[in-house]
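Engineer: So I've got this file, data-v6.cif, and it contains mmCIF, N, CA and C atoms and all ligand atoms:
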```cif
data_data
loop_
_atom_site.label_atom_id
_atom_site.label_comp_id
_atom_site.auth_asym_id
_atom_site.auth_seq_id
_atom_site.Cartn_x
_atom_site.Cartn_y
_atom_site.Cartn_z
N MET A 7 -48.65 -91.35 9.67
CA MET A 7 -48.91 -90.53 8.48
C MET A 7 -48.21 -91.14 7.25
N ASP A 8 -48.92 -91.15 6.16
CA ASP A 8 -48.34 -91.66 4.91
C ASP A 8 -48.06 -90.48 3.97
N ILE A 9 -47.15 -90.68 3.05
CA ILE A 9 -46.74 -89.60 2.15
C ILE A 9 -46.73 -90.06 0.70
N ILE A 10 -47.35 -89.26 -0.15
CA ILE A 10 -47.19 -89.41 -1.60
C ILE A 10 -46.11 -88.40 -2.00
N PHE A 11 -45.10 -88.85 -2.73
CA PHE A 11 -44.03 -87.89 -3.07
C PHE A 11 -43.75 -87.84 -4.57
N ILE A 12 -43.25 -86.68 -4.96
CA ILE A 12 -42.78 -86.46 -6.34
C ILE A 12 -41.40 -85.83 -6.18
N GLU A 13 -40.40 -86.44 -6.76
CA GLU A 13 -39.03 -85.95 -6.60
C GLU A 13 -38.44 -85.56 -7.95
N GLY A 14 -37.84 -84.39 -8.00
CA GLY A 14 -37.11 -83.99 -9.21
C GLY A 14 -38.01 -83.70 -10.41
N LEU A 15 -39.20 -83.16 -10.14
CA LEU A 15 -40.11 -82.81 -11.25
C LEU A 15 -39.59 -81.55 -11.95
N LYS A 16 -39.24 -81.71 -13.22
CA LYS A 16 -38.61 -80.61 -13.95
C LYS A 16 -39.67 -79.84 -14.75
N VAL A 17 -39.66 -78.51 -14.57
CA VAL A 17 -40.62 -77.65 -15.28
C VAL A 17 -39.85 -76.48 -15.88
N ASN A 18 -39.99 -76.29 -17.18
CA ASN A 18 -39.39 -75.13 -17.85
C ASN A 18 -40.44 -74.05 -17.94
N THR A 19 -40.17 -72.91 -17.31
CA THR A 19 -41.22 -71.89 -17.25
C THR A 19 -40.64 -70.49 -17.11
N THR A 20 -41.52 -69.50 -17.26
CA THR A 20 -41.12 -68.11 -17.06
C THR A 20 -41.18 -67.80 -15.58
N ILE A 21 -40.04 -67.43 -15.00
CA ILE A 21 -39.98 -67.13 -13.55
C ILE A 21 -38.80 -66.20 -13.32
N GLY A 22 -39.02 -65.16 -12.52
CA GLY A 22 -37.88 -64.33 -12.16
C GLY A 22 -38.23 -62.86 -11.98
N TYR A 23 -37.41 -62.22 -11.18
CA TYR A 23 -37.63 -60.83 -10.77
C TYR A 23 -37.16 -59.82 -11.83
N TYR A 24 -36.11 -60.20 -12.55
CA TYR A 24 -35.50 -59.24 -13.48
C TYR A 24 -36.16 -59.28 -14.86
N ASP A 25 -36.10 -58.13 -15.55
CA ASP A 25 -36.77 -58.01 -16.86
C ASP A 25 -36.32 -59.09 -17.84
N TRP A 26 -35.01 -59.38 -17.85
CA TRP A 26 -34.50 -60.38 -18.81
C TRP A 26 -35.07 -61.76 -18.54
N GLU A 27 -35.44 -61.99 -17.30
CA GLU A 27 -35.99 -63.31 -16.96
C GLU A 27 -37.43 -63.50 -17.47
N LYS A 28 -38.11 -62.37 -17.71
CA LYS A 28 -39.51 -62.45 -18.16
C LYS A 28 -39.60 -62.79 -19.64
N LYS A 29 -38.44 -62.79 -20.32
CA LYS A 29 -38.43 -63.07 -21.76
C LYS A 29 -37.94 -64.47 -22.07
N ILE A 30 -37.56 -65.22 -21.05
CA ILE A 30 -37.01 -66.56 -21.28
C ILE A 30 -37.72 -67.60 -20.39
N LYS A 31 -37.40 -68.86 -20.67
CA LYS A 31 -37.87 -69.92 -19.77
C LYS A 31 -36.67 -70.46 -19.00
N GLN A 32 -36.89 -70.79 -17.74
CA GLN A 32 -35.82 -71.35 -16.91
C GLN A 32 -36.31 -72.62 -16.23
N LEU A 33 -35.34 -73.44 -15.87
CA LEU A 33 -35.68 -74.71 -15.24
C LEU A 33 -35.98 -74.53 -13.75
N LEU A 34 -37.09 -75.09 -13.34
CA LEU A 34 -37.39 -75.25 -11.91
C LEU A 34 -37.51 -76.73 -11.62
N VAL A 35 -37.05 -77.14 -10.45
CA VAL A 35 -37.18 -78.55 -10.05
C VAL A 35 -37.99 -78.61 -8.75
N PHE A 36 -39.03 -79.42 -8.78
CA PHE A 36 -39.95 -79.53 -7.64
C PHE A 36 -39.76 -80.86 -6.92
N ASP A 37 -39.67 -80.78 -5.59
CA ASP A 37 -39.77 -81.97 -4.73
C ASP A 37 -41.00 -81.74 -3.85
N ILE A 38 -41.95 -82.65 -3.96
CA ILE A 38 -43.24 -82.45 -3.30
C ILE A 38 -43.56 -83.64 -2.41
N LYS A 39 -44.02 -83.34 -1.19
CA LYS A 39 -44.49 -84.40 -0.29
C LYS A 39 -45.88 -84.03 0.18
N LEU A 40 -46.83 -84.96 0.02
CA LEU A 40 -48.22 -84.72 0.40
C LEU A 40 -48.65 -85.80 1.38
N ALA A 41 -49.11 -85.37 2.55
CA ALA A 41 -49.54 -86.35 3.56
C ALA A 41 -50.97 -86.79 3.32
N THR A 42 -51.16 -88.08 3.30
CA THR A 42 -52.49 -88.64 3.13
C THR A 42 -52.53 -90.00 3.82
N ASP A 43 -53.71 -90.58 3.91
CA ASP A 43 -53.82 -91.91 4.49
C ASP A 43 -53.98 -92.91 3.35
N ILE A 44 -52.94 -93.66 3.07
CA ILE A 44 -52.96 -94.54 1.88
C ILE A 44 -53.85 -95.78 2.07
N ARG A 45 -54.33 -95.98 3.30
CA ARG A 45 -55.13 -97.19 3.56
C ARG A 45 -56.45 -97.19 2.81
N HIS A 46 -57.01 -95.98 2.52
CA HIS A 46 -58.28 -95.91 1.78
C HIS A 46 -58.10 -96.50 0.38
N ALA A 47 -56.98 -96.19 -0.28
CA ALA A 47 -56.72 -96.71 -1.64
C ALA A 47 -56.31 -98.18 -1.60
N ALA A 48 -55.52 -98.51 -0.60
CA ALA A 48 -54.99 -99.88 -0.52
C ALA A 48 -56.08 -100.91 -0.23
N LYS A 49 -57.12 -100.48 0.48
CA LYS A 49 -58.17 -101.44 0.90
C LYS A 49 -58.74 -102.20 -0.30
N ASN A 50 -59.14 -101.44 -1.37
CA ASN A 50 -59.70 -102.10 -2.56
C ASN A 50 -58.88 -101.82 -3.82
N ASP A 51 -57.62 -101.41 -3.64
CA ASP A 51 -56.71 -101.20 -4.77
C ASP A 51 -57.26 -100.16 -5.75
N GLU A 52 -57.65 -98.98 -5.20
CA GLU A 52 -58.35 -97.96 -6.00
C GLU A 52 -57.56 -96.65 -6.11
N LEU A 53 -57.20 -96.29 -7.34
CA LEU A 53 -56.48 -95.03 -7.58
C LEU A 53 -57.33 -93.82 -7.17
N ALA A 54 -58.65 -93.93 -7.40
CA ALA A 54 -59.55 -92.80 -7.10
C ALA A 54 -59.56 -92.45 -5.61
N LYS A 55 -59.08 -93.34 -4.76
CA LYS A 55 -59.11 -93.08 -3.31
C LYS A 55 -57.78 -92.57 -2.77
N THR A 56 -56.87 -92.23 -3.68
CA THR A 56 -55.60 -91.67 -3.22
C THR A 56 -55.28 -90.41 -4.01
N ILE A 57 -54.10 -89.86 -3.80
CA ILE A 57 -53.66 -88.69 -4.58
C ILE A 57 -52.82 -89.22 -5.73
N ASP A 58 -53.28 -88.98 -6.94
CA ASP A 58 -52.60 -89.47 -8.14
C ASP A 58 -51.38 -88.59 -8.41
N TYR A 59 -50.17 -89.16 -8.21
CA TYR A 59 -48.95 -88.34 -8.36
C TYR A 59 -48.75 -87.85 -9.79
N ALA A 60 -49.28 -88.62 -10.77
CA ALA A 60 -49.19 -88.17 -12.17
C ALA A 60 -50.08 -86.93 -12.39
N GLU A 61 -51.26 -86.96 -11.79
CA GLU A 61 -52.18 -85.81 -11.89
C GLU A 61 -51.56 -84.57 -11.24
N VAL A 62 -50.94 -84.74 -10.07
CA VAL A 62 -50.31 -83.61 -9.39
C VAL A 62 -49.15 -83.05 -10.22
N SER A 63 -48.37 -83.94 -10.82
CA SER A 63 -47.24 -83.50 -11.65
C SER A 63 -47.72 -82.63 -12.81
N GLU A 64 -48.79 -83.08 -13.44
CA GLU A 64 -49.40 -82.32 -14.55
C GLU A 64 -49.92 -80.96 -14.05
N LEU A 65 -50.58 -81.00 -12.91
CA LEU A 65 -51.12 -79.76 -12.32
C LEU A 65 -50.00 -78.74 -12.07
N VAL A 66 -48.88 -79.21 -11.54
CA VAL A 66 -47.77 -78.31 -11.21
C VAL A 66 -47.23 -77.67 -12.48
N ASP A 67 -47.03 -78.47 -13.52
CA ASP A 67 -46.51 -77.94 -14.78
C ASP A 67 -47.46 -76.89 -15.35
N GLU A 68 -48.75 -77.25 -15.44
CA GLU A 68 -49.76 -76.32 -15.98
C GLU A 68 -49.85 -75.05 -15.15
N PHE A 69 -49.78 -75.21 -13.83
CA PHE A 69 -49.88 -74.06 -12.92
C PHE A 69 -48.73 -73.08 -13.20
N CYS A 70 -47.54 -73.60 -13.37
CA CYS A 70 -46.37 -72.74 -13.63
C CYS A 70 -46.53 -71.99 -14.95
N GLN A 71 -47.00 -72.71 -15.98
CA GLN A 71 -47.15 -72.09 -17.30
C GLN A 71 -48.19 -70.96 -17.25
N LYS A 72 -49.24 -71.14 -16.46
CA LYS A 72 -50.34 -70.17 -16.41
C LYS A 72 -50.11 -69.05 -15.41
N ASN A 73 -49.11 -69.18 -14.55
CA ASN A 73 -48.89 -68.19 -13.49
C ASN A 73 -47.46 -67.67 -13.48
N PRO A 74 -47.06 -66.93 -14.50
CA PRO A 74 -45.70 -66.37 -14.47
C PRO A 74 -45.60 -65.29 -13.39
N VAL A 75 -44.67 -65.46 -12.46
CA VAL A 75 -44.49 -64.50 -11.37
C VAL A 75 -43.01 -64.19 -11.20
N ASP A 76 -42.73 -63.22 -10.34
CA ASP A 76 -41.35 -62.82 -10.11
C ASP A 76 -40.63 -63.79 -9.17
N LEU A 77 -41.28 -64.07 -8.03
CA LEU A 77 -40.59 -64.76 -6.94
C LEU A 77 -41.00 -66.23 -6.80
N LEU A 78 -40.06 -67.04 -6.42
CA LEU A 78 -40.37 -68.44 -6.08
C LEU A 78 -41.36 -68.50 -4.92
N GLU A 79 -41.24 -67.54 -3.99
CA GLU A 79 -42.15 -67.50 -2.86
C GLU A 79 -43.62 -67.38 -3.31
N THR A 80 -43.86 -66.51 -4.30
CA THR A 80 -45.22 -66.29 -4.80
C THR A 80 -45.73 -67.55 -5.48
N LEU A 81 -44.89 -68.12 -6.34
CA LEU A 81 -45.27 -69.35 -7.04
C LEU A 81 -45.57 -70.46 -6.03
N GLY A 82 -44.67 -70.62 -5.05
CA GLY A 82 -44.83 -71.69 -4.07
C GLY A 82 -46.09 -71.53 -3.23
N GLN A 83 -46.32 -70.32 -2.73
CA GLN A 83 -47.49 -70.09 -1.87
C GLN A 83 -48.79 -70.33 -2.66
N ARG A 84 -48.84 -69.83 -3.90
CA ARG A 84 -50.06 -70.01 -4.71
C ARG A 84 -50.28 -71.48 -5.06
N LEU A 85 -49.19 -72.18 -5.30
CA LEU A 85 -49.30 -73.61 -5.61
C LEU A 85 -49.80 -74.38 -4.38
N VAL A 86 -49.28 -74.03 -3.22
CA VAL A 86 -49.74 -74.66 -1.98
C VAL A 86 -51.24 -74.45 -1.80
N GLU A 87 -51.70 -73.21 -2.02
CA GLU A 87 -53.13 -72.91 -1.85
C GLU A 87 -53.97 -73.73 -2.83
N THR A 88 -53.48 -73.90 -4.04
CA THR A 88 -54.21 -74.68 -5.06
C THR A 88 -54.28 -76.16 -4.66
N LEU A 89 -53.17 -76.69 -4.19
CA LEU A 89 -53.14 -78.11 -3.79
C LEU A 89 -54.02 -78.34 -2.56
N GLN A 90 -53.99 -77.39 -1.62
CA GLN A 90 -54.81 -77.54 -0.41
C GLN A 90 -56.30 -77.47 -0.74
N ALA A 91 -56.65 -76.67 -1.76
CA ALA A 91 -58.07 -76.55 -2.16
C ALA A 91 -58.55 -77.82 -2.87
N LYS A 92 -57.63 -78.48 -3.58
CA LYS A 92 -58.02 -79.66 -4.38
C LYS A 92 -57.99 -80.97 -3.58
N TYR A 93 -57.03 -81.07 -2.67
CA TYR A 93 -56.85 -82.32 -1.93
C TYR A 93 -56.96 -82.07 -0.42
N ALA A 94 -57.43 -83.07 0.30
CA ALA A 94 -57.48 -82.97 1.77
C ALA A 94 -56.10 -83.34 2.30
N LEU A 95 -55.32 -82.34 2.67
CA LEU A 95 -53.93 -82.57 3.07
C LEU A 95 -53.72 -82.11 4.50
N SER A 96 -53.31 -83.02 5.36
CA SER A 96 -53.02 -82.61 6.74
C SER A 96 -51.66 -81.92 6.82
N TRP A 97 -50.81 -82.21 5.85
CA TRP A 97 -49.44 -81.65 5.85
C TRP A 97 -48.89 -81.72 4.43
N LEU A 98 -48.13 -80.74 4.06
CA LEU A 98 -47.42 -80.83 2.78
C LEU A 98 -46.10 -80.06 2.84
N GLN A 99 -45.19 -80.50 2.00
CA GLN A 99 -43.91 -79.81 1.87
C GLN A 99 -43.58 -79.69 0.39
N ILE A 100 -43.24 -78.48 -0.01
CA ILE A 100 -42.86 -78.26 -1.41
C ILE A 100 -41.51 -77.57 -1.46
N LYS A 101 -40.58 -78.20 -2.16
CA LYS A 101 -39.26 -77.58 -2.38
C LYS A 101 -39.19 -77.18 -3.85
N ILE A 102 -38.85 -75.92 -4.09
CA ILE A 102 -38.67 -75.46 -5.48
C ILE A 102 -37.22 -75.01 -5.64
N SER A 103 -36.49 -75.68 -6.50
CA SER A 103 -35.09 -75.36 -6.77
C SER A 103 -34.97 -74.66 -8.12
N LYS A 104 -34.08 -73.65 -8.15
CA LYS A 104 -33.81 -72.92 -9.40
C LYS A 104 -32.31 -73.12 -9.69
N PRO A 105 -31.97 -74.18 -10.42
CA PRO A 105 -30.57 -74.59 -10.54
C PRO A 105 -29.68 -73.60 -11.28
N THR A 106 -30.24 -72.78 -12.14
CA THR A 106 -29.39 -71.89 -12.95
C THR A 106 -29.30 -70.48 -12.39
N ALA A 107 -29.89 -70.22 -11.22
CA ALA A 107 -30.00 -68.84 -10.73
C ALA A 107 -28.67 -68.28 -10.22
N VAL A 108 -27.92 -69.08 -9.50
CA VAL A 108 -26.65 -68.62 -8.91
C VAL A 108 -25.54 -69.52 -9.42
N GLU A 109 -24.65 -68.92 -10.19
CA GLU A 109 -23.62 -69.70 -10.90
C GLU A 109 -22.77 -70.57 -9.97
N GLN A 110 -22.46 -70.04 -8.79
CA GLN A 110 -21.58 -70.76 -7.86
C GLN A 110 -22.30 -71.87 -7.08
N ALA A 111 -23.62 -71.93 -7.20
CA ALA A 111 -24.39 -72.91 -6.42
C ALA A 111 -25.03 -73.96 -7.34
N ASP A 112 -25.17 -75.17 -6.82
CA ASP A 112 -25.88 -76.21 -7.59
C ASP A 112 -27.34 -75.81 -7.78
N ALA A 113 -27.91 -75.26 -6.75
CA ALA A 113 -29.30 -74.81 -6.83
C ALA A 113 -29.59 -73.88 -5.66
N VAL A 114 -30.55 -72.98 -5.85
CA VAL A 114 -31.09 -72.17 -4.77
C VAL A 114 -32.61 -72.32 -4.82
N GLY A 115 -33.29 -71.86 -3.78
CA GLY A 115 -34.73 -71.99 -3.84
C GLY A 115 -35.41 -71.87 -2.50
N ILE A 116 -36.60 -72.44 -2.44
CA ILE A 116 -37.40 -72.32 -1.22
C ILE A 116 -37.96 -73.70 -0.82
N ILE A 117 -38.26 -73.81 0.46
CA ILE A 117 -39.01 -74.97 0.97
C ILE A 117 -40.18 -74.42 1.76
N ILE A 118 -41.39 -74.85 1.40
CA ILE A 118 -42.59 -74.44 2.13
C ILE A 118 -43.17 -75.67 2.81
N GLU A 119 -43.51 -75.53 4.08
CA GLU A 119 -44.14 -76.61 4.81
C GLU A 119 -45.38 -76.07 5.49
N ARG A 120 -46.50 -76.75 5.34
CA ARG A 120 -47.76 -76.32 5.95
C ARG A 120 -48.45 -77.50 6.61
N GLY A 121 -49.13 -77.25 7.71
CA GLY A 121 -49.93 -78.29 8.37
C GLY A 121 -49.16 -79.00 9.45
N ASN A 122 -49.76 -80.05 9.98
CA ASN A 122 -49.16 -80.80 11.07
C ASN A 122 -48.72 -82.17 10.61
N ARG A 123 -47.47 -82.49 10.92
CA ARG A 123 -46.93 -83.79 10.58
C ARG A 123 -47.12 -84.72 11.78
N ASN A 124 -48.24 -85.43 11.82
CA ASN A 124 -48.55 -86.25 13.01
C ASN A 124 -47.85 -87.60 12.95
N1 LIG B 1 -35.72 -65.39 -2.01
C1 LIG B 1 -35.61 -65.15 -3.35
N2 LIG B 1 -34.53 -64.54 -3.82
C2 LIG B 1 -34.44 -64.28 -5.13
C3 LIG B 1 -35.42 -64.69 -6.04
C4 LIG B 1 -36.56 -65.38 -5.52
O1 LIG B 1 -37.50 -65.79 -6.23
N3 LIG B 1 -36.61 -65.58 -4.17
N4 LIG B 1 -35.27 -64.46 -7.37
C5 LIG B 1 -34.22 -63.84 -7.85
C6 LIG B 1 -34.02 -63.68 -9.30
O2 LIG B 1 -35.16 -63.93 -10.04
C7 LIG B 1 -32.84 -64.59 -9.64
O3 LIG B 1 -33.27 -65.95 -9.64
C8 LIG B 1 -32.18 -64.25 -10.94
O4 LIG B 1 -30.89 -64.77 -10.94
C9 LIG B 1 -33.15 -63.31 -6.99
N5 LIG B 1 -33.33 -63.64 -5.60
#
```
The structure given in the file should be rewritten as structure tokens.
Structural biologist:
Amino acid sequence: MDIIFIEGLKVNTTIGYYDWEKKIKQLLVFDIKLATDIRHAAKNDELAKTIDYAEVSELVDEFCQKNPVDLLETLGQRLVETLQAKYALSWLQIKISKPTAVEQADAVGIIIERGNRN
């Protein structure tokens, strides 16, 4: 299995359960791993035959801006569904960190993993 990854993707967006959080933007950091077979792209050196990590990064930012929700769980699950609908993914892992949420911690957040890692 091959993996396309995006590490430390920073997105400033509206996210949070409390009323005060709905009036501000906060930093989220995404680490994303998408399983694909890179041999299709490598055969003829074609971007169109792989998952464009720049396109995915843009998608994640736009998705966050358009989908303000309370919980990281909701954001993560909806993002997973969007990525699965757009790309043929046998496996994916998305980590969403909220570095400013808990003062005593460097970051808190969620990790979602779906599919089979063969
Ligand atoms: N499991 C979760 N716990 C909490 C979340 C969350 O999204 N998932 N969110 C909050 C608040 O929005 C918090 O980040 C404000 O400091 C609390 N716990």
Engineer: Give one line per residue of chain A that approaches ligand LIG 1 (chain B) to at most 8 Å, naming the two atoms of the closest pair and their distance in Å to one decimal, counting all atoms listed in the file; sort by chain then ascending residue number and deliver it as JSON lines.
Structural biologist:
```
{"residue": "A:Ile21", "atom": "C", "partner": "B:LIG1", "partner_atom": "O2", "distance": 5.4}
{"residue": "A:Gly22", "atom": "CA", "partner": "B:LIG1", "partner_atom": "O2", "distance": 3.5}
{"residue": "A:Tyr23", "atom": "N", "partner": "B:LIG1", "partner_atom": "O2", "distance": 3.0}
{"residue": "A:Tyr24", "atom": "N", "partner": "B:LIG1", "partner_atom": "O2", "distance": 4.6}
{"residue": "A:Glu27", "atom": "CA", "partner": "B:LIG1", "partner_atom": "O2", "distance": 7.0}
{"residue": "A:Val75", "atom": "C", "partner": "B:LIG1", "partner_atom": "O1", "distance": 7.6}
{"residue": "A:Asp76", "atom": "C", "partner": "B:LIG1", "partner_atom": "O1", "distance": 4.7}
{"residue": "A:Leu77", "atom": "CA", "partner": "B:LIG1", "partner_atom": "O1", "distance": 3.3}
{"residue": "A:Leu78", "atom": "N", "partner": "B:LIG1", "partner_atom": "O1", "distance": 2.9}
{"residue": "A:Glu79", "atom": "N", "partner": "B:LIG1", "partner_atom": "O1", "distance": 4.7}
{"residue": "A:Thr80", "atom": "N", "partner": "B:LIG1", "partner_atom": "O1", "distance": 6.7}
{"residue": "A:Leu81", "atom": "N", "partner": "B:LIG1", "partner_atom": "O1", "distance": 7.7}
{"residue": "A:Lys104", "atom": "CA", "partner": "B:LIG1", "partner_atom": "O3", "distance": 7.0}
{"residue": "A:Thr106", "atom": "C", "partner": "B:LIG1", "partner_atom": "O4", "distance": 6.1}
{"residue": "A:Ala107", "atom": "CA", "partner": "B:LIG1", "partner_atom": "O4", "distance": 4.2}
{"residue": "A:Val108", "atom": "N", "partner": "B:LIG1", "partner_atom": "O4", "distance": 5.4}
{"residue": "A:Glu109", "atom": "N", "partner": "B:LIG1", "partner_atom": "O4", "distance": 7.5}
{"residue": "A:Val114", "atom": "C", "partner": "B:LIG1", "partner_atom": "N3", "distance": 7.9}
{"residue": "A:Gly115", "atom": "C", "partner": "B:LIG1", "partner_atom": "N1", "distance": 6.5}
{"residue": "A:Ile116", "atom": "N", "partner": "B:LIG1", "partner_atom": "N3", "distance": 7.1}
```
Engineer: Work out how far apart atom N of Tyr59 in chain A and atom C of Ile9 in chain A are and give it in Å to one decimal.
Structural biologist: 9.6 Å
Engineer: With only C-alpha atoms as the counted atoms, please give the residues lying no more than 7 Å from range 40-55 of chain A, apart from itself and same-chain residues fewer than 4 positions off, as a ChimeraX atom specification.
Structural biologist: /A:7-11,95-99
Engineer: Which protein, DNA or RNA residues have an atom at most 6 Å from (-45.0, -80.2, -3.1), counting all atoms listed in the file? List them as number ranges by chain.
Structural biologist: A: 37-40, 99-101
Engineer: Nearest residue to Val35 in chain A out of A:Thr19, A:Ile102, A:Asn122, A:Ile12, using all atoms listed in the file?
Structural biologist: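 Going through A:Thr19, A:Ile102, A:Asn122, A:Ile12 one by one, the smallest distance to Val35 in chain A is for A:Ile102.
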Engineer: Could you pull out all residues of chain A with a DSSP call of helix (DSSP H, G or I) and give them as a VMD selection string?
Structural biologist: chain A and resid 25 to 29 45 to 50 53 to 55 59 to 72 78 to 92
Engineer: I'd like to know which of A:Leu34, A:Ile118, A:Lys29, A:Thr20 is closest to Ser103 in chain A, using all atoms listed in the file.
Structural biologist: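 Selected residue with least distance to Ser103 in chain A: A:Leu34.
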Engineer: Select from chain A everything DSSP, run on the backbone, classes as strand (DSSP E), then give the selection as a ChimeraX atom specification.
Structural biologist: /A:8-19,32-42,97-104,114-121
Engineer: Could you pull the residues within 7 Å of Asn18 in chain A, counting only N, CA and C atoms, minus those fewer than 2 positions along the same chain, as a VMD selection string?
Structural biologist: chain A and resid 16 20 31 to 34 71
Engineer: Pick the closest to Arg120 in chain A from A:Ser63, A:Asn73, A:Thr56, A:Gln83: which is it, counting only C-alpha atoms?
Structural biologist: A:Gln83
Engineer: So, with only C-alpha atoms as the atoms that count, which of A:Pro74, A:Gln90, A:Asp58, A:Val66 lies closest to Phe36 in chain A?
Structural biologist: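 Closest to Phe36 in chain A of all the choices is A:Val66.
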Engineer: Could you tell me how far CA of Leu15 in chain A sits from CA of Ala113 in chain A, in Å to one decimal place?
Structural biologist: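 Result for CA of Ala113 in chain A versus CA of Leu15 in chain A: 14.2 Å, one decimal.
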Engineer: Please write out, as lines of an AutoDock Vina configuration file, where the centre of an axis-aligned box around all listed atoms of range 100-116 of chain A lies and how long its edges are, in Å to one decimal, after adding 4 Å on each side.
Structural biologist:
```
center_x = -32.4
center_y = -73.4
center_z = -6.5
size_x = 29.7
size_y = 18.2
size_z = 20.9
```
Engineer: In Å, how far is it from atom C of Glu119 in chain A to atom N of Lys92 in chain A?
Structural biologist: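 Computed distance, atom C of Glu119 in chain A to atom N of Lys92 in chain A, equals 15.4 Å.
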Engineer: Choose the residue, out of A:Ile30, A:Leu65, A:Val17, A:Ala111, that has the smallest atom-to-atom separation from Val86 in chain A; count only C-alpha atoms.
Structural biologist: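 With only C-alpha atoms as the atom set, the closest residue is A:Leu65.
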